[in-house]
$ cat data_20.pdb   # PDB, C-alpha atoms, pLDDT in the B column
ATOM      1  CA  MET A 611     -31.437   2.419  12.578  1.00 89.00           C
ATOM      2  CA  GLU A 612     -29.524   5.648  12.095  1.00 93.00           C
ATOM      3  CA  SER A 613     -26.597   4.400  14.200  1.00 94.00           C
ATOM      4  CA  LEU A 614     -26.410   1.255  12.075  1.00 95.00           C
ATOM      5  CA  LEU A 615     -26.163   3.342   8.924  1.00 95.00           C
ATOM      6  CA  ILE A 616     -23.494   5.578  10.453  1.00 96.00           C
ATOM      7  CA  SER A 617     -21.434   2.585  11.581  1.00 96.00           C
ATOM      8  CA  ALA A 618     -21.737   0.949   8.151  1.00 96.00           C
ATOM      9  CA  VAL A 619     -20.584   4.111   6.361  1.00 97.00           C
ATOM     10  CA  THR A 620     -17.730   4.553   8.822  1.00 98.00           C
ATOM     11  CA  GLY A 621     -16.683   0.942   8.285  1.00 97.00           C
ATOM     12  CA  LEU A 622     -16.696   1.352   4.516  1.00 97.00           C
ATOM     13  CA  ILE A 623     -14.611   4.512   4.716  1.00 98.00           C
ATOM     14  CA  SER A 624     -12.162   2.790   7.052  1.00 98.00           C
ATOM     15  CA  ALA A 625     -11.883  -0.229   4.755  1.00 97.00           C
ATOM     16  CA  GLY A 626     -11.302   2.021   1.751  1.00 97.00           C
ATOM     17  CA  ALA A 627      -8.573   3.937   3.568  1.00 97.00           C
ATOM     18  CA  THR A 628      -6.909   0.684   4.630  1.00 97.00           C
ATOM     19  CA  ILE A 629      -6.922  -0.637   1.065  1.00 97.00           C
ATOM     20  CA  ALA A 630      -5.486   2.633  -0.241  1.00 97.00           C
ATOM     21  CA  ALA A 631      -2.724   2.562   2.384  1.00 97.00           C
ATOM     22  CA  LEU A 632      -1.843  -1.036   1.530  1.00 97.00           C
ATOM     23  CA  ARG A 633      -1.629  -0.210  -2.169  1.00 96.00           C
ATOM     24  CA  VAL A 634       0.720   2.691  -1.427  1.00 96.00           C
ATOM     25  CA  ASP A 635       2.857   0.482   0.824  1.00 97.00           C
ATOM     26  CA  LEU A 636       3.052  -2.267  -1.798  1.00 96.00           C
ATOM     27  CA  GLY A 637       4.065   0.265  -4.427  1.00 95.00           C
ATOM     28  CA  TRP A 638       6.786   1.583  -2.130  1.00 96.00           C
ATOM     29  CA  VAL A 639       8.105  -1.941  -1.471  1.00 96.00           C
ATOM     30  CA  LYS A 640       8.188  -2.703  -5.207  1.00 96.00           C
ATOM     31  CA  ASN A 641      10.142   0.485  -5.868  1.00 96.00           C
ATOM     32  CA  GLN A 642      12.592  -0.336  -3.081  1.00 96.00           C
ATOM     33  CA  LEU A 643      13.140  -3.822  -4.500  1.00 96.00           C
ATOM     34  CA  LYS A 644      13.766  -2.414  -7.977  1.00 96.00           C
ATOM     35  CA  ASP A 645      16.259   0.052  -6.534  1.00 96.00           C
ATOM     36  CA  HIS A 646      17.959  -2.728  -4.581  1.00 95.00           C
ATOM     37  CA  GLU A 647      18.157  -4.897  -7.692  1.00 95.00           C
ATOM     38  CA  ALA A 648      19.677  -2.024  -9.685  1.00 94.00           C
ATOM     39  CA  ARG A 649      22.287  -1.456  -6.989  1.00 95.00           C
ATOM     40  CA  LEU A 650      23.178  -5.137  -6.912  1.00 94.00           C
ATOM     41  CA  ARG A 651      23.520  -5.219 -10.690  1.00 93.00           C
ATOM     42  CA  ALA A 652      25.763  -2.167 -10.555  1.00 93.00           C
ATOM     43  CA  LEU A 653      27.942  -3.798  -7.901  1.00 92.00           C
ATOM     44  CA  GLU A 654      28.140  -7.020  -9.880  1.00 91.00           C
ATOM     45  CA  GLY A 655      28.943  -5.120 -13.049  1.00 84.00           C
ATOM     46  CA  VAL A 656      26.189  -6.778 -15.073  1.00 67.00           C
TER      47      VAL A 656
END

$ encode --input "data_20.pdb" --output "structure tokens"
Amino acid sequence: MESLLISAVTGLISAGATIAALRVDLGWVKNQLKDHEARLRALEGV
């Protein structure tokens, strides 16, 4: 029973860390796209 509890807690921590990492990665991608868009606009002179 104790090992089941330990594995469940470990799984929850792992899932939480994965979700946090994905959120950070998505934020980074959004920032890169905004930067890319700004550079394109500057090149186009808009």

$ atom_distance --input "data_20.pdb" --atom1 "atom CA of A:Glu654" --atom2 "atom CA of A:Asn641"
19.9 Å

$ axis_aligned_box --input "data_20.pdb" --around "stretch 639-648 of chain A" --padding-each-side "5 Å" --output "lines of an AutoDock Vina configuration file"
center_x = 13.9
center_y = -2.2
center_z = -5.6
size_x = 21.6
size_y = 15.4
size_z = 18.2

$ atom_distance --input "data_20.pdb" --atom1 "atom CA of A:Thr620" --atom2 "atom CA of A:Leu636"
24.3 Å

$ atom_distance --input "data_20.pdb" --atom1 "atom CA of A:Ala625" --atom2 "atom CA of A:Gln642"
25.7 Å
